[in-house]
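Trainee: So here's query12.cif (mmCIF, C-alpha atoms and all ligand atoms).
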```
data_query
loop_
_atom_site.label_atom_id
_atom_site.label_comp_id
_atom_site.auth_asym_id
_atom_site.auth_seq_id
_atom_site.Cartn_x
_atom_site.Cartn_y
_atom_site.Cartn_z
CA MET A 1 -23.90 7.85 5.13
CA ASP A 2 -27.55 7.57 4.12
CA ILE A 3 -28.11 4.65 1.76
CA THR A 4 -31.66 5.73 1.01
CA GLN A 5 -30.55 8.80 -0.91
CA ASP A 6 -31.65 9.13 -4.53
CA VAL A 7 -30.03 7.06 -7.24
CA LYS A 8 -27.62 9.23 -9.19
CA THR A 9 -27.43 8.98 -12.94
CA ASP A 10 -24.48 11.23 -13.73
CA VAL A 11 -21.99 8.38 -14.13
CA LYS A 12 -18.43 9.51 -14.72
CA THR A 13 -16.73 8.03 -17.73
CA ALA A 14 -13.10 7.55 -16.64
CA ASN A 15 -12.02 9.04 -19.95
CA GLY A 16 -13.56 6.40 -22.18
CA MET A 17 -13.11 3.34 -20.02
CA ILE A 18 -16.73 3.63 -18.97
CA ARG A 19 -19.34 4.66 -21.54
CA PRO A 20 -23.07 4.96 -20.94
CA GLY A 21 -25.02 1.98 -22.25
CA THR A 22 -21.99 -0.28 -22.29
CA PHE A 23 -20.46 -3.00 -20.17
CA ARG A 24 -16.66 -2.75 -20.24
CA VAL A 25 -14.52 -5.90 -20.04
CA VAL A 26 -10.86 -5.62 -19.04
CA ALA A 27 -8.95 -8.91 -19.29
CA GLY A 28 -5.40 -10.18 -19.14
CA PRO A 29 -2.89 -11.93 -16.95
CA CYS A 30 -2.42 -11.28 -13.26
CA THR A 31 1.23 -10.49 -13.88
CA VAL A 32 3.53 -9.57 -16.73
CA GLU A 33 5.96 -12.49 -16.75
CA SER A 34 7.84 -12.00 -20.03
CA TYR A 35 7.47 -10.37 -23.44
CA ASP A 36 6.14 -13.58 -25.02
CA GLN A 37 3.72 -14.36 -22.21
CA PHE A 38 2.20 -10.87 -22.24
CA TYR A 39 2.06 -10.83 -26.04
CA ALA A 40 0.09 -14.10 -26.07
CA GLY A 41 -2.22 -12.81 -23.34
CA ALA A 42 -2.81 -9.39 -24.91
CA LYS A 43 -3.38 -10.83 -28.39
CA ALA A 44 -6.06 -13.11 -26.96
CA VAL A 45 -7.76 -10.11 -25.30
CA LYS A 46 -7.80 -8.33 -28.66
CA GLN A 47 -9.10 -11.41 -30.49
CA ALA A 48 -11.81 -11.84 -27.86
CA GLY A 49 -13.09 -8.39 -28.90
CA PHE A 50 -11.95 -6.31 -25.94
CA GLU A 51 -10.04 -3.02 -25.81
CA TYR A 52 -8.47 -2.97 -22.34
CA VAL A 53 -5.76 -5.31 -21.11
CA ARG A 54 -4.66 -5.80 -17.53
CA GLY A 55 -1.32 -6.98 -16.17
CA GLY A 56 0.70 -6.32 -13.04
CA ALA A 57 4.28 -5.07 -13.07
CA PHE A 58 4.35 -4.18 -9.36
CA LYS A 59 2.64 -7.00 -7.47
CA PRO A 60 1.30 -6.84 -3.90
CA ARG A 61 2.17 -10.44 -2.95
CA THR A 62 1.15 -11.79 0.44
CA SER A 63 4.54 -13.48 0.78
CA PRO A 64 7.82 -11.60 0.26
CA TYR A 65 9.21 -14.85 -1.20
CA SER A 66 6.69 -14.91 -4.09
CA PHE A 67 7.44 -13.35 -7.51
CA GLN A 68 7.14 -9.58 -7.04
CA GLY A 69 6.68 -8.58 -10.70
CA LEU A 70 9.06 -7.25 -13.35
CA GLY A 71 8.70 -3.59 -12.30
CA GLU A 72 9.73 -1.04 -14.93
CA GLU A 73 10.61 -3.75 -17.43
CA GLY A 74 7.07 -5.13 -17.09
CA LEU A 75 5.60 -1.68 -17.71
CA LYS A 76 7.66 -1.29 -20.87
CA ILE A 77 6.57 -4.71 -22.14
CA MET A 78 2.92 -3.79 -21.53
CA SER A 79 3.03 -0.39 -23.19
CA GLU A 80 4.96 -1.65 -26.21
CA ILE A 81 2.64 -4.59 -26.86
CA SER A 82 -0.57 -2.73 -26.09
CA GLY A 83 0.49 0.12 -28.38
CA GLU A 84 1.13 -2.37 -31.19
CA LEU A 85 -2.23 -4.09 -30.67
CA GLY A 86 -4.21 -0.88 -30.03
CA LEU A 87 -5.18 -1.80 -26.47
CA LYS A 88 -5.33 0.36 -23.34
CA VAL A 89 -3.59 -0.76 -20.15
CA VAL A 90 -4.78 -1.15 -16.56
CA THR A 91 -1.94 -1.78 -14.10
CA GLU A 92 -1.35 -1.45 -10.39
CA VAL A 93 0.67 1.26 -8.70
CA MET A 94 1.77 0.52 -5.13
CA ASP A 95 4.36 3.15 -4.35
CA PRO A 96 3.86 6.94 -4.63
CA TYR A 97 7.37 7.17 -6.09
CA ASP A 98 6.29 5.04 -9.08
CA ILE A 99 3.21 7.08 -10.07
CA GLU A 100 4.83 9.12 -12.86
CA LEU A 101 6.51 6.05 -14.30
CA VAL A 102 3.29 4.01 -14.27
CA MET A 103 1.41 6.92 -15.91
CA GLU A 104 3.90 6.89 -18.78
CA HIS A 105 2.95 3.31 -19.58
CA ALA A 106 -0.71 2.88 -18.60
CA GLN A 107 -4.01 4.71 -19.06
CA ILE A 108 -5.67 3.39 -15.90
CA MET A 109 -3.82 2.98 -12.59
CA GLN A 110 -5.14 0.31 -10.28
CA ILE A 111 -4.96 0.79 -6.54
CA GLY A 112 -5.13 -2.71 -5.10
CA ALA A 113 -7.25 -4.02 -2.25
CA ARG A 114 -4.26 -4.02 0.09
CA ASN A 115 -3.67 -0.33 -0.57
CA MET A 116 -7.25 0.95 -0.48
CA ALA A 117 -6.56 2.68 2.82
CA ASN A 118 -3.09 3.95 1.89
CA PHE A 119 -4.19 7.57 2.12
CA PRO A 120 -0.90 9.19 1.06
CA LEU A 121 -0.94 7.01 -2.09
CA LEU A 122 -4.59 7.92 -2.80
CA LYS A 123 -3.87 11.64 -2.45
CA ARG A 124 -0.75 11.49 -4.62
CA VAL A 125 -2.54 9.51 -7.34
CA GLY A 126 -5.47 11.95 -7.26
CA ALA A 127 -3.18 14.94 -7.69
CA ALA A 128 -1.19 13.17 -10.42
CA ILE A 129 -4.22 12.35 -12.61
CA ALA A 130 -5.89 15.76 -12.13
CA GLY A 131 -6.34 17.37 -15.54
CA THR A 132 -4.96 14.33 -17.39
CA ASP A 133 -6.62 11.55 -19.41
CA HIS A 134 -5.66 8.94 -16.83
CA GLY A 135 -8.10 7.07 -14.66
CA VAL A 136 -7.91 5.15 -11.40
CA LEU A 137 -9.44 1.76 -10.66
CA LEU A 138 -9.89 1.55 -6.91
CA LYS A 139 -10.33 -1.96 -5.52
CA ARG A 140 -12.35 -2.42 -2.37
CA GLY A 141 -10.22 -3.49 0.61
CA LEU A 142 -10.53 -7.09 1.79
CA ALA A 143 -12.29 -5.97 4.93
CA ALA A 144 -13.53 -2.51 4.01
CA THR A 145 -17.12 -1.37 4.33
CA VAL A 146 -18.81 0.30 1.37
CA GLU A 147 -18.56 3.60 3.22
CA GLU A 148 -14.80 3.20 3.77
CA TRP A 149 -14.36 2.29 0.09
CA ILE A 150 -16.29 5.35 -1.09
CA LEU A 151 -14.38 7.62 1.29
CA ALA A 152 -11.13 6.16 -0.09
CA ALA A 153 -12.35 7.16 -3.58
CA GLU A 154 -13.03 10.63 -2.23
CA TYR A 155 -9.37 10.93 -1.22
CA VAL A 156 -8.59 10.63 -4.93
CA THR A 157 -11.41 12.88 -6.18
CA SER A 158 -10.81 15.56 -3.56
CA ALA A 159 -7.16 15.72 -4.62
CA GLY A 160 -8.41 16.60 -8.12
CA GLY A 161 -8.63 13.18 -9.79
CA ASP A 162 -12.16 12.83 -11.14
CA ASN A 163 -11.76 9.65 -13.15
CA VAL A 164 -12.23 7.00 -10.51
CA VAL A 165 -13.81 3.60 -11.13
CA LEU A 166 -14.70 1.50 -8.08
CA CYS A 167 -13.98 -2.25 -8.20
CA GLU A 168 -15.64 -4.88 -6.01
CA ARG A 169 -13.21 -7.82 -5.76
CA GLY A 170 -14.60 -9.88 -2.91
CA ILE A 171 -14.33 -9.49 0.82
CA ARG A 172 -13.00 -11.84 3.48
CA THR A 173 -15.73 -13.89 5.15
CA PHE A 174 -15.95 -17.22 7.01
CA GLU A 175 -16.62 -19.06 3.71
CA PRO A 176 -13.62 -21.13 2.55
CA ALA A 177 -15.18 -22.48 -0.69
CA THR A 178 -14.05 -19.36 -2.53
CA ARG A 179 -10.93 -17.22 -2.05
CA PHE A 180 -13.08 -14.23 -1.04
CA THR A 181 -16.85 -13.64 -1.13
CA LEU A 182 -18.09 -11.52 -4.03
CA ASP A 183 -20.35 -8.88 -2.49
CA LEU A 184 -22.70 -7.96 -5.31
CA SER A 185 -25.00 -6.00 -3.02
CA ALA A 186 -22.06 -3.64 -2.45
CA VAL A 187 -22.00 -2.93 -6.19
CA ILE A 188 -25.62 -1.79 -6.10
CA VAL A 189 -25.24 0.13 -2.84
CA ALA A 190 -22.10 1.91 -4.07
CA LYS A 191 -23.87 2.92 -7.28
CA ARG A 192 -26.70 4.40 -5.27
CA LEU A 193 -24.36 6.33 -3.02
CA THR A 194 -22.02 7.77 -5.63
CA ASP A 195 -21.92 8.77 -9.26
CA LEU A 196 -18.76 6.72 -9.77
CA PRO A 197 -18.86 3.68 -12.05
CA VAL A 198 -18.48 0.28 -10.37
CA VAL A 199 -16.88 -2.77 -11.96
CA VAL A 200 -16.51 -6.31 -10.65
CA ASP A 201 -13.44 -8.53 -10.38
CA PRO A 202 -14.82 -12.09 -10.28
CA SER A 203 -11.33 -13.63 -10.52
CA HIS A 204 -9.89 -12.51 -7.20
CA ALA A 205 -13.28 -12.95 -5.54
CA ALA A 206 -13.66 -16.59 -6.60
CA GLY A 207 -10.03 -17.66 -6.72
CA ARG A 208 -11.10 -20.42 -9.13
CA SER A 209 -11.68 -20.15 -12.84
CA ASP A 210 -14.85 -22.30 -12.97
CA LEU A 211 -16.80 -19.60 -11.10
CA VAL A 212 -15.60 -16.64 -13.14
CA ILE A 213 -18.19 -16.83 -15.94
CA PRO A 214 -21.24 -17.40 -13.69
CA LEU A 215 -20.13 -14.52 -11.45
CA SER A 216 -19.58 -12.34 -14.50
CA LYS A 217 -23.17 -12.93 -15.61
CA ALA A 218 -24.32 -12.04 -12.09
CA ALA A 219 -22.25 -8.84 -12.22
CA VAL A 220 -24.09 -7.73 -15.36
CA ALA A 221 -27.43 -8.33 -13.66
CA ALA A 222 -26.26 -6.47 -10.54
CA GLU A 223 -25.91 -3.27 -12.60
CA ALA A 224 -22.12 -3.30 -12.69
CA ASP A 225 -20.50 -1.13 -15.36
CA GLY A 226 -17.93 -3.74 -16.30
CA LEU A 227 -15.54 -6.50 -15.32
CA ILE A 228 -11.84 -6.95 -14.79
CA VAL A 229 -10.95 -10.62 -15.26
CA GLU A 230 -7.73 -12.56 -15.22
CA SER A 231 -6.87 -14.71 -18.24
CA HIS A 232 -3.72 -16.58 -19.24
CA HIS A 233 -2.56 -18.44 -22.34
CA ASP A 234 -1.22 -21.25 -20.13
CA PRO A 235 -2.83 -21.04 -16.65
CA GLN A 236 -0.95 -24.09 -15.33
CA GLU A 237 2.34 -22.28 -15.87
CA ALA A 238 1.23 -18.84 -14.61
CA LEU A 239 3.59 -17.32 -12.04
CA CYS A 240 0.67 -15.82 -10.12
CA ASP A 241 -3.04 -16.63 -9.69
CA GLY A 242 -3.14 -19.41 -12.33
CA GLU A 243 -6.04 -21.21 -10.58
CA GLN A 244 -8.35 -18.28 -11.21
CA ALA A 245 -7.23 -17.40 -14.74
CA LEU A 246 -9.65 -17.98 -17.60
CA PRO A 247 -7.95 -20.04 -20.30
CA ILE A 248 -7.88 -18.45 -23.75
CA GLU A 249 -10.74 -20.62 -25.09
CA ALA A 250 -13.04 -19.39 -22.30
CA LEU A 251 -11.99 -15.78 -22.86
CA MET A 252 -12.85 -16.12 -26.55
CA GLY A 253 -16.44 -17.01 -25.69
CA LEU A 254 -16.93 -14.43 -22.95
CA LYS A 255 -18.39 -11.63 -25.09
CA ASP A 256 -21.04 -13.91 -26.63
CA ILE A 257 -21.92 -15.43 -23.26
CA LEU A 258 -22.42 -12.01 -21.63
CA THR A 259 -24.22 -10.36 -24.54
CA PRO A 260 -27.78 -11.65 -23.82
CA PHE A 261 -27.46 -10.62 -20.16
CA ALA A 262 -26.09 -7.21 -21.12
CA THR A 263 -28.81 -6.73 -23.73
CA ALA A 264 -31.42 -7.44 -21.06
CA MET A 265 -29.81 -4.67 -19.00
CA GLY A 266 -29.77 -2.27 -21.97
CA ARG A 267 -26.01 -2.44 -22.41
CA GLU A 268 -23.51 -3.47 -25.05
CA VAL A 269 -20.47 -5.55 -24.06
CA ILE A 270 -17.29 -3.74 -25.14
C1 LIG B 1 -4.70 -7.95 -8.93
O1 LIG B 1 -5.56 -7.32 -9.58
O2 LIG B 1 -3.86 -8.73 -9.47
C2 LIG B 1 -4.74 -7.86 -7.46
C3 LIG B 1 -3.66 -8.13 -6.72
O3 LIG B 1 -5.94 -7.50 -6.99
P1 LIG B 1 -6.43 -7.21 -5.49
O4 LIG B 1 -5.73 -5.98 -5.06
O5 LIG B 1 -7.91 -7.06 -5.65
O6 LIG B 1 -6.06 -8.43 -4.66
MN MN B 2 -4.09 -11.55 -9.49
#
```
What would you get if you wrote out this structure as structure tokens?

Mentor:
Amino acid sequence: MDITQDVKTDVKTANGMIRPGTFRVVAGPCTVESYDQFYAGAKAVKQAGFEYVRGGAFKPRTSPYSFQGLGEEGLKIMSEISGELGLKVVTEVMDPYDIELVMEHAQIMQIGARNMANFPLLKRVGAAIAGTDHGVLLKRGLAATVEEWILAAEYVTSAGGDNVVLCERGIRTFEPATRFTLDLSAVIVAKRLTDLPVVVDPSHAAGRSDLVIPLSKAAVAAEADGLIVESHHDPQEALCDGEQALPIEALMGLKDILTPFATAMGREVI
């Protein structure tokens, strides 16, 4: 792949998730834990001024002994609450057999870092979203090159699914101070190589909540099209990824903190 090729400007919109001149923020808990927990999390996202909520019902946990998510029940909780609050849902699909079910409850299907190279899943998701209003958020694999990540996206687009958003979520390096290393140069390189939008996940990259806001500012400056961040109404009690979750008070200030940076980049935070 030739990284010197011309910058493309024809950014795809993922059916409203990405809009020219804007910087999209998706926030919410790592995992749907219960009706009340997701309600508190989603309400905070709405109050913070955002339109997209995240939450996992099918969780790719490193250990089989960790909480695996509520599955279909979690999807129902998410779609009921997001419908009531007027939010759109981003949630992960791990198994090709669950695609139709996930599409019934969510507008954007996430393919997680651990599944970036699951080619049968990519092809099935691409065919499933073809001609629909659904989008796909494709995380970069923990050890994938930019080229491998873009080719993974092309598995989805070549199966007919145009609405793909790339997501840089940190790669594995020798540095133990953070959970992964956020590779912001990959955001810029990917945007030069494709016409797909690129968003940043500072939460999984950092693994610690105190770095999430500084990395979010950096993502705006690195020409990202948005963020997907984890937030929780009670991070200490979160069943998954509590250390990296923004508490509600921090989420409430996020839009105002990012606005001057976004304005400098000619974008509005939405
Ligand atoms: C997640 O978004 O909760 C998640 C598991 O992300 P990743 O696939 O990037 O680890
Ligand atoms: Mn998580």

Trainee: Pick the closest to Thr178 in chain A from A:Met94, A:Ala190, A:Leu151, A:Val212: which is it, counting only C-alpha atoms?

Mentor: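 So, comparing all the options, the nearest one is A:Val212.
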
Trainee: I'd like to know which of A:Lys217, A:Arg24, A:His232, A:Arg19 is closest to Ile270 in chain A, using all atoms listed in the file.

Mentor: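 For Ile270 in chain A, the nearest of the candidates is A:Arg24.
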
Trainee: Could you list, as a ChimeraX atom specification, all the residues within 7 Å of ligand LIG 1 (chain B), counting all atoms listed in the file?

Mentor: /A:30-31,56,59-60,111-114,139,169,204

Trainee: Need to verify the contact set: Ala14 in chain A, 6 Å, all atoms listed in the file, exclusion of same-chain residues closer than 4 positions in sequence. Can you return it as an mmCIF file with C-alpha atoms, in the coordinates of the input?

Mentor:
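Output (selection.cif):
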```cif
data_model
loop_
_atom_site.group_PDB
_atom_site.id
_atom_site.type_symbol
_atom_site.label_atom_id
_atom_site.label_comp_id
_atom_site.auth_asym_id
_atom_site.auth_seq_id
_atom_site.Cartn_x
_atom_site.Cartn_y
_atom_site.Cartn_z
ATOM 1 C CA ILE A 18 -16.730 3.630 -18.970
ATOM 2 C CA GLY A 135 -8.100 7.070 -14.660
ATOM 3 C CA ASN A 163 -11.760 9.650 -13.150
#
```

Trainee: Within 10 Å of ligand MN 2 (chain B), counting all atoms listed in the file: which residues, as a PyMOL selection string?

Mentor: chain A and resi 28-31+54-56+59-61+112+201+203-204+207+229-231+239-245

Trainee: Got a sec: who's within 8 Å of His105 in chain A, counting all atoms listed in the file, leaving out chain neighbours fewer than 3 positions off, as a tab-separated table (two decimals) with C-alpha atoms, in the coordinates of the input?

Mentor:
```
chain	number	residue	atom	x	y	z
A	75	LEU	CA	5.60	-1.68	-17.71
A	76	LYS	CA	7.66	-1.29	-20.87
A	78	MET	CA	2.92	-3.79	-21.53
A	79	SER	CA	3.03	-0.39	-23.19
A	89	VAL	CA	-3.59	-0.76	-20.15
A	101	LEU	CA	6.51	6.05	-14.30
A	102	VAL	CA	3.29	4.01	-14.27
```

Trainee: Quick one: 3 Å padding each side, axis-aligned, all listed atoms of range 13-18 of chain A - centre and edge lengths in Å to one decimal, as lines of an AutoDock Vina configuration file?

Mentor:
```
center_x = -14.4
center_y = 6.2
center_z = -19.4
size_x = 10.7
size_y = 11.7
size_z = 11.5
```

Trainee: In the coordinate frame of the file, compute which residues have an atom within 7 Å of (-23.7, -1.2, -7.0) when using only C-alpha atoms, and state them as a VMD selection string.

Mentor: chain A and resid 185 to 192 198 222 to 224

Trainee: Report, in Å to a single decimal, how far apart CA of Pro176 in chain A and CA of Leu142 in chain A are.

Mentor: 14.4 Å

Trainee: For CA of Phe261 in chain A and CA of Pro202 in chain A, determine how far apart the two atoms are, in Å to one decimal place.

Mentor: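 Atom-to-atom, CA of Phe261 in chain A and CA of Pro202 in chain A are spaced 16.1 Å apart.
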